[in-house]
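model_27.tsv (TSV, C-alpha atoms and all ligand atoms) appears below.
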```
chain	number	residue	atom	x	y	z
A	1	MET	CA	45.89	17.64	54.50
A	2	LYS	CA	46.84	19.21	51.16
A	3	ALA	CA	44.48	20.67	48.58
A	4	LEU	CA	44.36	18.98	45.18
A	5	PRO	CA	46.22	20.81	42.42
A	6	PHE	CA	44.00	21.66	39.44
A	7	PRO	CA	45.91	22.51	36.24
A	8	ALA	CA	44.43	25.21	33.98
A	9	TYR	CA	45.99	24.84	30.52
A	10	ALA	CA	46.63	27.58	27.95
A	11	LYS	CA	45.37	27.57	24.34
A	12	ILE	CA	46.70	28.74	21.03
A	13	ASN	CA	44.66	29.65	17.95
A	14	VAL	CA	45.64	27.56	14.96
A	15	GLY	CA	44.30	29.92	12.28
A	16	LEU	CA	41.86	32.71	13.08
A	17	ARG	CA	39.52	34.54	10.74
A	18	ILE	CA	37.17	37.33	11.74
A	19	LEU	CA	34.05	37.06	9.63
A	20	GLY	CA	32.29	40.28	10.62
A	21	ARG	CA	30.88	42.46	13.36
A	22	ARG	CA	27.61	41.40	14.98
A	23	GLU	CA	24.71	43.48	16.26
A	24	ASP	CA	25.70	42.76	19.87
A	25	GLY	CA	29.15	44.33	19.27
A	26	TYR	CA	31.04	41.02	19.23
A	27	HIS	CA	32.57	39.50	16.10
A	28	ASN	CA	31.91	36.16	14.44
A	29	LEU	CA	35.05	34.04	14.24
A	30	ASP	CA	36.31	30.99	12.50
A	31	THR	CA	39.22	29.47	14.39
A	32	ASN	CA	40.77	26.30	15.75
A	33	PHE	CA	41.58	26.24	19.46
A	34	LEU	CA	44.36	23.95	20.63
A	35	GLN	CA	44.94	23.33	24.33
A	36	ILE	CA	48.64	23.08	25.23
A	37	SER	CA	50.56	21.82	28.23
A	38	LEU	CA	51.65	25.27	29.50
A	39	HIS	CA	49.47	25.74	32.59
A	40	ASP	CA	48.56	27.64	35.75
A	41	THR	CA	47.71	25.65	38.90
A	42	LEU	CA	44.73	26.30	41.19
A	43	PHE	CA	44.26	25.05	44.78
A	44	PHE	CA	40.88	25.44	46.49
A	45	GLU	CA	40.29	25.46	50.23
A	46	ARG	CA	36.86	25.77	51.81
A	47	THR	CA	36.39	28.64	54.29
A	48	ALA	CA	33.95	28.83	57.18
A	49	ALA	CA	32.69	32.26	56.11
A	50	PRO	CA	30.98	32.68	52.70
A	51	VAL	CA	33.80	34.74	51.18
A	52	PHE	CA	36.20	34.52	48.23
A	53	GLU	CA	39.88	34.94	49.13
A	54	LEU	CA	42.59	34.93	46.48
A	55	SER	CA	46.33	34.61	46.81
A	56	CYS	CA	48.62	34.57	43.79
A	57	ASN	CA	52.34	34.35	43.07
A	58	TRP	CA	51.83	37.39	40.79
A	59	PRO	CA	50.82	39.99	43.42
A	60	GLU	CA	49.37	42.37	40.82
A	61	LEU	CA	46.67	39.79	40.04
A	62	ALA	CA	45.73	39.23	43.69
A	63	ALA	CA	45.57	43.00	44.29
A	64	GLY	CA	43.88	43.94	41.04
A	65	GLY	CA	40.19	43.72	42.07
A	66	ALA	CA	37.71	41.07	40.95
A	67	ASN	CA	39.19	38.58	38.49
A	68	LEU	CA	37.43	35.99	36.34
A	69	CYS	CA	37.84	33.25	38.99
A	70	GLU	CA	35.93	35.39	41.48
A	71	HIS	CA	33.17	35.98	38.89
A	72	ALA	CA	32.98	32.22	38.35
A	73	TYR	CA	32.77	31.68	42.14
A	74	ARG	CA	29.93	34.23	42.45
A	75	MET	CA	27.95	32.59	39.65
A	76	LEU	CA	28.16	29.22	41.40
A	77	VAL	CA	27.23	30.71	44.79
A	78	GLU	CA	24.04	31.99	43.15
A	79	ALA	CA	23.35	28.50	41.84
A	80	SER	CA	23.83	26.95	45.28
A	81	VAL	CA	21.32	26.67	48.13
A	82	GLN	CA	23.87	27.17	50.90
A	83	PRO	CA	26.37	30.01	51.46
A	84	LEU	CA	29.80	28.77	50.41
A	85	GLY	CA	33.24	30.27	50.79
A	86	VAL	CA	36.55	29.46	49.19
A	87	ARG	CA	40.21	30.37	49.48
A	88	LEU	CA	41.93	30.10	46.09
A	89	ARG	CA	45.68	29.87	45.68
A	90	LEU	CA	46.49	30.66	42.05
A	91	GLU	CA	49.96	29.80	40.77
A	92	LYS	CA	50.34	31.67	37.48
A	93	ARG	CA	52.71	30.73	34.71
A	94	ILE	CA	50.67	31.63	31.61
A	95	PRO	CA	51.57	35.19	30.53
A	96	THR	CA	48.62	37.62	30.63
A	97	GLY	CA	47.50	39.84	27.72
A	98	ALA	CA	49.20	37.30	25.51
A	99	GLY	CA	46.39	35.60	23.54
A	100	LEU	CA	46.89	32.34	25.45
A	101	GLY	CA	43.54	32.37	27.28
A	102	GLY	CA	45.12	32.06	30.74
A	103	GLY	CA	42.43	34.01	32.63
A	104	SER	CA	39.68	32.20	30.69
A	105	SER	CA	41.19	28.83	31.50
A	106	ASP	CA	41.50	29.69	35.22
A	107	ALA	CA	37.82	30.74	35.20
A	108	ALA	CA	36.71	27.54	33.43
A	109	VAL	CA	38.62	25.38	35.92
A	110	THR	CA	37.07	27.34	38.82
A	111	LEU	CA	33.59	26.58	37.42
A	112	LEU	CA	34.38	22.91	36.87
A	113	ALA	CA	36.25	22.30	40.11
A	114	LEU	CA	33.75	24.06	42.40
A	115	ASN	CA	30.83	22.36	40.61
A	116	GLN	CA	32.48	19.05	41.56
A	117	LEU	CA	33.84	19.89	45.02
A	118	TRP	CA	30.57	21.49	46.14
A	119	GLN	CA	28.61	18.69	44.43
A	120	LEU	CA	26.36	21.19	42.67
A	121	ASP	CA	25.83	18.84	39.69
A	122	LEU	CA	25.12	21.68	37.27
A	123	PRO	CA	24.53	20.23	33.79
A	124	VAL	CA	27.04	20.96	31.00
A	125	SER	CA	24.50	23.20	29.22
A	126	ARG	CA	24.25	25.46	32.31
A	127	LEU	CA	28.04	25.52	32.74
A	128	GLU	CA	28.37	26.50	29.06
A	129	GLU	CA	25.97	29.42	29.56
A	130	LEU	CA	27.91	30.64	32.60
A	131	ALA	CA	31.22	30.18	30.77
A	132	LEU	CA	30.10	32.36	27.85
A	133	GLN	CA	29.06	35.10	30.29
A	134	LEU	CA	32.62	35.00	31.65
A	135	GLY	CA	34.27	35.39	28.22
A	136	SER	CA	34.13	34.26	24.60
A	137	ASP	CA	36.82	31.57	24.86
A	138	VAL	CA	35.84	30.22	28.31
A	139	PRO	CA	33.42	27.59	26.79
A	140	PHE	CA	36.36	26.05	24.88
A	141	PHE	CA	38.11	25.25	28.17
A	142	LEU	CA	35.11	23.20	29.36
A	143	ARG	CA	35.92	20.81	26.47
A	144	GLY	CA	39.65	21.24	25.98
A	145	GLY	CA	41.74	19.41	23.41
A	146	TYR	CA	41.50	20.54	19.79
A	147	CYS	CA	38.28	22.21	18.61
A	148	HIS	CA	36.95	24.18	15.71
A	149	GLY	CA	35.23	27.32	17.05
A	150	GLN	CA	32.64	29.61	15.44
A	151	GLY	CA	30.26	32.36	16.58
A	152	ARG	CA	32.00	34.28	19.37
A	153	GLY	CA	34.10	31.13	19.83
A	154	GLU	CA	31.45	29.17	21.72
A	155	ILE	CA	30.06	27.06	18.84
A	156	LEU	CA	32.51	24.22	19.14
A	157	SER	CA	33.18	20.93	17.45
A	158	THR	CA	35.95	18.61	18.55
A	159	ILE	CA	38.65	17.69	16.07
A	160	ASP	CA	40.19	14.25	16.64
A	161	PRO	CA	42.88	13.18	17.19
A	162	LEU	CA	45.16	15.65	18.98
A	163	PRO	CA	48.00	16.76	16.71
A	164	GLU	CA	51.41	15.33	17.57
A	165	TYR	CA	53.51	18.44	17.03
A	166	TRP	CA	55.72	20.35	19.47
A	167	ILE	CA	54.72	23.95	20.10
A	168	LEU	CA	57.29	26.62	20.95
A	169	VAL	CA	55.56	29.58	22.62
A	170	VAL	CA	57.43	32.90	22.53
A	171	ALA	CA	55.89	35.51	24.82
A	172	PRO	CA	57.45	38.98	24.45
A	173	PRO	CA	56.92	41.58	27.21
A	174	VAL	CA	54.00	43.19	25.34
A	175	SER	CA	50.37	43.13	26.44
A	176	VAL	CA	47.80	43.56	23.64
A	177	SER	CA	44.27	44.70	24.49
A	178	THR	CA	41.80	42.30	22.85
A	179	SER	CA	39.12	44.97	22.50
A	180	TRP	CA	41.61	47.36	20.85
A	181	ALA	CA	42.57	44.59	18.40
A	182	TYR	CA	38.92	43.87	17.51
A	183	GLN	CA	38.16	47.56	17.06
A	184	ASN	CA	41.03	48.00	14.64
A	185	VAL	CA	41.13	44.72	12.73
A	186	LYS	CA	40.60	44.92	8.96
A	187	PHE	CA	38.41	41.85	8.67
A	188	GLY	CA	36.84	42.98	5.38
A	189	LEU	CA	40.05	42.09	3.57
A	190	THR	CA	39.85	38.40	4.31
A	191	ASN	CA	36.09	37.79	3.98
A	192	GLY	CA	36.52	36.23	0.58
A	193	GLN	CA	39.21	33.83	1.71
A	194	LYS	CA	38.73	30.17	2.33
A	195	SER	CA	37.21	29.50	5.73
A	196	SER	CA	39.29	27.57	8.24
A	197	THR	CA	36.48	25.08	8.91
A	198	PHE	CA	39.09	22.40	8.50
A	199	SER	CA	41.68	21.19	10.87
A	200	ALA	CA	44.83	23.07	10.02
A	201	PHE	CA	46.70	20.15	11.55
A	202	LYS	CA	45.02	17.36	9.58
A	203	LEU	CA	47.94	17.08	7.25
A	204	LYS	CA	50.14	14.09	6.72
A	205	ILE	CA	53.73	14.62	7.83
A	206	ASN	CA	54.93	14.64	4.19
A	207	GLU	CA	52.45	17.42	3.39
A	208	SER	CA	53.30	19.45	6.45
A	209	SER	CA	55.31	22.01	4.51
A	210	HIS	CA	51.86	23.41	3.56
A	211	LEU	CA	50.91	23.96	7.19
A	212	GLY	CA	52.07	27.59	7.11
A	213	GLU	CA	49.53	28.47	4.40
A	214	ARG	CA	46.72	27.20	6.57
A	215	VAL	CA	47.65	28.91	9.79
A	216	HIS	CA	46.55	32.46	9.00
A	217	ASN	CA	45.58	34.92	11.75
A	218	ASP	CA	43.61	38.04	10.73
A	219	PHE	CA	44.86	39.96	13.79
A	220	GLU	CA	48.48	39.83	12.64
A	221	ALA	CA	48.21	42.73	10.15
A	222	ILE	CA	47.06	45.29	12.72
A	223	VAL	CA	49.03	43.96	15.71
A	224	PHE	CA	52.31	43.56	13.73
A	225	GLU	CA	51.91	47.12	12.42
A	226	ARG	CA	51.87	48.43	16.00
A	227	TYR	CA	54.41	45.96	17.43
A	228	PRO	CA	56.93	45.15	14.63
A	229	GLU	CA	58.99	43.08	17.10
A	230	LEU	CA	56.24	40.42	16.96
A	231	ALA	CA	56.56	40.14	13.17
A	232	ALA	CA	60.31	39.70	13.68
A	233	ILE	CA	59.70	36.78	16.09
A	234	LYS	CA	57.48	35.09	13.51
A	235	GLN	CA	60.15	35.50	10.83
A	236	GLN	CA	62.80	34.12	13.18
A	237	LEU	CA	60.64	31.07	13.92
A	238	LEU	CA	60.09	30.44	10.22
A	239	SER	CA	63.75	30.78	9.41
A	240	GLY	CA	64.40	28.17	12.11
A	241	LYS	CA	62.85	24.75	11.59
A	242	ALA	CA	59.21	25.71	12.29
A	243	LEU	CA	56.67	24.07	9.96
A	244	ALA	CA	54.42	27.05	10.67
A	245	ALA	CA	54.44	30.13	12.88
A	246	SER	CA	51.61	32.41	13.90
A	247	MET	CA	50.40	34.84	16.51
A	248	SER	CA	47.86	33.36	18.96
A	249	GLY	CA	44.52	35.19	19.28
A	250	SER	CA	45.04	38.96	19.38
A	251	GLY	CA	48.65	38.48	20.60
A	252	SER	CA	51.18	39.14	21.82
A	253	THR	CA	52.31	35.49	21.86
A	254	VAL	CA	53.81	34.07	18.67
A	255	TYR	CA	54.22	30.31	18.41
A	256	GLY	CA	56.07	27.93	16.14
A	257	VAL	CA	55.00	24.38	15.23
A	258	PHE	CA	57.72	21.73	15.11
A	259	GLU	CA	57.84	18.09	14.13
A	260	THR	CA	60.46	17.11	16.71
A	261	GLN	CA	61.40	18.13	20.23
A	262	GLU	CA	65.03	18.64	19.15
A	263	ALA	CA	64.09	21.11	16.42
A	264	ALA	CA	61.86	23.04	18.84
A	265	GLN	CA	64.59	23.16	21.51
A	266	GLN	CA	67.18	24.36	18.99
A	267	THR	CA	64.96	27.27	18.00
A	268	GLN	CA	64.03	27.95	21.64
A	269	ARG	CA	67.68	28.73	22.37
A	270	LEU	CA	67.56	31.62	19.87
A	271	PHE	CA	64.94	33.43	21.96
A	272	GLN	CA	65.79	32.44	25.50
A	273	ASP	CA	67.81	35.53	26.42
A	274	GLN	CA	65.23	38.06	25.21
A	275	HIS	CA	61.80	36.54	25.78
A	276	LYS	CA	59.85	34.13	27.94
A	277	THR	CA	59.62	30.86	26.02
A	278	PHE	CA	57.74	27.64	26.73
A	279	LEU	CA	57.97	24.30	25.00
A	280	ALA	CA	54.55	22.66	24.99
A	281	ARG	CA	52.58	19.67	23.71
A	282	PRO	CA	48.88	19.47	22.84
A	283	VAL	CA	46.75	18.23	25.77
A	284	GLN	CA	43.15	17.16	26.42
A	285	TRP	CA	41.80	18.50	29.74
A	286	GLY	CA	38.13	19.46	29.94
A	287	LYS	CA	35.09	18.65	32.09
A	288	ARG	CA	35.31	14.92	31.47
A	289	GLU	CA	38.98	14.66	32.50
A	290	LEU	CA	38.58	16.98	35.50
A	291	ASP	CA	35.53	15.04	36.77
A	292	GLN	CA	37.43	11.76	36.43
A	293	TYR	CA	40.41	13.26	38.27
A	294	VAL	CA	38.23	14.36	41.23
A	295	SER	CA	36.46	10.96	41.35
A	296	SER	CA	39.74	9.03	41.30
A	297	CYS	CA	41.14	11.20	44.10
A	298	ALA	CA	37.91	10.70	46.11
A	299	ALA	CA	38.27	6.94	45.61
A	300	ASP	CA	41.77	7.25	47.08
A	301	SER	CA	40.01	9.09	49.97
A	302	GLN	CA	41.87	12.33	49.25
A	303	PRO	CA	39.33	15.15	49.54
A	304	GLY	CA	39.53	17.77	46.80
A	305	PHE	CA	39.52	20.64	49.26
A	306	GLY	CA	42.49	21.37	51.45
A	307	ALA	CA	42.73	22.02	55.17
A	308	GLY	CA	40.03	24.17	56.71
A	309	LEU	CA	37.12	21.85	55.86
B	1	LIG	O1	34.48	37.85	25.45
B	1	LIG	P1	35.72	38.52	25.93
B	1	LIG	O2	35.52	39.19	27.27
B	1	LIG	O3	36.93	37.66	25.92
B	1	LIG	O4	36.01	39.70	24.91
B	1	LIG	C1	37.02	40.67	25.09
B	1	LIG	C2	36.85	41.77	24.04
B	1	LIG	O5	36.98	41.26	22.72
B	1	LIG	C3	35.49	42.45	24.11
B	1	LIG	O6	35.74	43.83	24.04
B	1	LIG	C4	34.74	41.99	22.88
B	1	LIG	O7	34.01	43.04	22.36
B	1	LIG	C5	35.83	41.54	21.92
B	1	LIG	N1	35.40	40.31	21.23
B	1	LIG	C6	34.70	40.41	20.03
B	1	LIG	N2	34.28	39.26	19.40
B	1	LIG	C7	34.56	38.04	19.92
B	1	LIG	C8	35.29	37.92	21.13
B	1	LIG	C9	35.69	39.08	21.75
B	1	LIG	O8	34.43	41.51	19.54
B	1	LIG	N3	34.18	36.94	19.27
```

Have the structure of the file written as structure tokens, please.
Ligand code: C5P
Amino acid sequence: MKALPFPAYAKINVGLRILGRREDGYHNLDTNFLQISLHDTLFFERTAAPVFELSCNWPELAAGGANLCEHAYRMLVEASVQPLGVRLRLEKRIPTGAGLGGGSSDAAVTLLALNQLWQLDLPVSRLEELALQLGSDVPFFLRGGYCHGQGRGEILSTIDPLPEYWILVVAPPVSVSTSWAYQNVKFGLTNGQKSSTFSAFKLKINESSHLGERVHNDFEAIVFERYPELAAIKQQLLSGKALAASMSGSGSTVYGVFETQEAAQQTQRLFQDQHKTFLARPVQWGKRELDQYVSSCAADSQPGFGAGL
């Protein structure tokens, strides 16, 4: 009997403004999160003993102490009446330290999948509280799709419909520390600028040459100063056929937005020898879709957990 695969999709930030530092040390943001088809895959298997066991195709993650999936597991164990154990096989593809939210997405899927598989029935509001304790962009992954985010990133409103563009993700071998980026960002400079409380993508195709003006990321100034190779990637994307190019979150990933698959693939070839690249499409995968997926598999009498039940 095989365990169900659960995809955990990456995100990019389509515009990101930092509005100011808060009393709790975090920063208020104004951003659009877009979920994209680049994904990790998680497989859960129930264990007899109440333990958390992790295996991963990137050994440094399995060996590196408690990760966000284990934190998510522990939160749900506390919410449960019976001792529960799980063996998690994590197949990573999303680069880490890259501004793509890979760890946050894995944690969100762990919350959602175990809530379903263990039939805990925690309400969305409780899952949202737990998600925010795990990290500022974890709540977004409970919804997925395309959302405007404010506060730490947890005040979310869905933007419909999903944009139709192709996204070329270029992930150089650079890991940027998010807390370093927040500590050094010069957010004062952009406070007066127009807020991105719009959908950067709500442009008609014939207006899409203006997309670049809308996709501004406040982190670029400080991160590009330290890693000039990232600025060069953005320039290369823009001199290709990208409608817009930007860093995602605090980096190091830089993405380009393309109208057609062909244009994206052409530009992808320019980077292929030097950097990891991924061609992706916007996707919608949150609590609603994951719950439906588990129910439809249960209806087909495939249990969500693998062998070892
Ligand atoms: O919430 P998360 O664990 O992802 O945050 C990582 C780092 O980024 C923390 O050091 C936090 O202080 C900083 N951060 C911030 N404001 C946010 C999100 C994160 O200052 N809105």

Specify the axis-aligned box that encloses all atoms of ligand LIG 1 (chain B) listed in the file after padding of 5 Å on each side, stating its centre and edge lengths in Å to one decimal as JSON.
```
{"center_x": 35.5, "center_y": 40.4, "center_z": 23.3, "size_x": 13.0, "size_y": 16.9, "size_z": 18.0}
```

request  = Have a look at A:Asp137, A:Glu213, A:Asp160, A:Glu23 and name the one nearest to ligand LIG 1 (chain B); count all atoms listed in the file.
outcome  = A:Asp137

Nearby polymer residues, ligand LIG 1 (chain B), at most 6 Å, all atoms listed in the file, as a PyMOL selection string = chain A and resi 25-29+135-136+152-153+178-179+182

message = Show me the residues close to (45.3, 24.4, 31.4) - anything with an atom within 12 Å, counting only C-alpha atoms - and format the list as a PyMOL selection string.
response = chain A and resi 5-12+34-42+91-94+100-110+138+140-145+280-287+289-290

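Taking CA of Glu53 (chain A) and CA of Tyr73 (chain A) as endpoints, the distance between them is 10.5 Å.
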
message = Would you pick out the contacts of Ser248 (chain A) at 12 Å or less, using all atoms listed in the file, so that residues sharing its chain but fewer than 5 positions from it are not included, and give the list as a ChimeraX atom specification?
response = /A:10-17,31-35,97-101,167-171,176,178,215-220,223,230,234,253-256

remark   = note - CA of His71 (chain A) and CA of His148 (chain A) are separated by 26.3 Å

inquiry  = So that I can check the surroundings of region 235-242 of chain A, please list as a PyMOL selection string every protein, DNA and RNA residue that reaches within 12 Å of it, counting only C-alpha atoms and ignoring chain neighbours fewer than 5 positions away.
reply    = chain A and resi 165-170+208-212+224+228-230+247+254-271

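The closest residue to Phe305 (chain A), picked from A:Leu88, A:Leu61, A:Val77, A:Cys56 and counting only C-alpha atoms, is A:Leu88.
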
query = Excluding same-chain residues fewer than 6 positions from Ala221 (chain A), what lies within 10 Å of it counting only C-alpha atoms, as JSON, numbers by chain?
reply = {"A": [184, 185, 186, 187, 231]}

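Considering only C-alpha atoms, the residue among A:Ser80, A:Gln119, A:Ser55, A:Ser177 positioned nearest to Gly251 (chain A) is A:Ser177.
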
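Going from CA of Phe43 (chain A) to CA of Leu90 (chain A) covers 6.6 Å.
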
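Considering only C-alpha atoms, the residue among A:Ile205, A:Leu243, A:Val174, A:Ala66 positioned nearest to Tyr227 (chain A) is A:Val174.
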
Grab region 75-109 of chain A from that structure and dump C-alpha atoms to a file, as a CSV table (one decimal), in the first residue's frame.
```csv
chain,number,residue,atom,x,y,z
A,75,MET,CA,1.5,21.5,17.4
A,76,LEU,CA,-1.0,19.0,16.1
A,77,VAL,CA,0.0,16.3,18.6
A,78,GLU,CA,-0.8,18.9,21.3
A,79,ALA,CA,-4.2,19.4,19.8
A,80,SER,CA,-4.9,15.7,19.7
A,81,VAL,CA,-6.3,13.5,22.5
A,82,GLN,CA,-4.2,10.4,21.5
A,83,PRO,CA,-0.5,10.0,21.0
A,84,LEU,CA,0.3,10.0,17.3
A,85,GLY,CA,3.4,9.2,15.4
A,86,VAL,CA,4.4,9.9,11.8
A,87,ARG,CA,7.1,9.0,9.3
A,88,LEU,CA,7.5,11.8,6.8
A,89,ARG,CA,9.3,11.3,3.5
A,90,LEU,CA,10.1,14.8,2.1
A,91,GLU,CA,11.2,15.0,-1.6
A,92,LYS,CA,12.6,18.5,-2.0
A,93,ARG,CA,12.9,20.4,-5.2
A,94,ILE,CA,12.3,24.0,-4.1
A,95,PRO,CA,15.6,25.7,-3.4
A,96,THR,CA,16.1,26.8,0.3
A,97,GLY,CA,17.1,30.3,1.4
A,98,ALA,CA,15.7,31.4,-1.9
A,99,GLY,CA,12.6,33.5,-1.1
A,100,LEU,CA,10.3,30.8,-2.5
A,101,GLY,CA,8.7,29.8,0.8
A,102,GLY,CA,9.6,26.1,0.4
A,103,GLY,CA,9.9,25.4,4.1
A,104,SER,CA,6.7,27.4,4.9
A,105,SER,CA,4.8,25.5,2.2
A,106,ASP,CA,6.0,22.1,3.6
A,107,ALA,CA,4.9,23.1,7.1
A,108,ALA,CA,1.5,24.3,5.9
A,109,VAL,CA,0.9,21.0,4.0
```
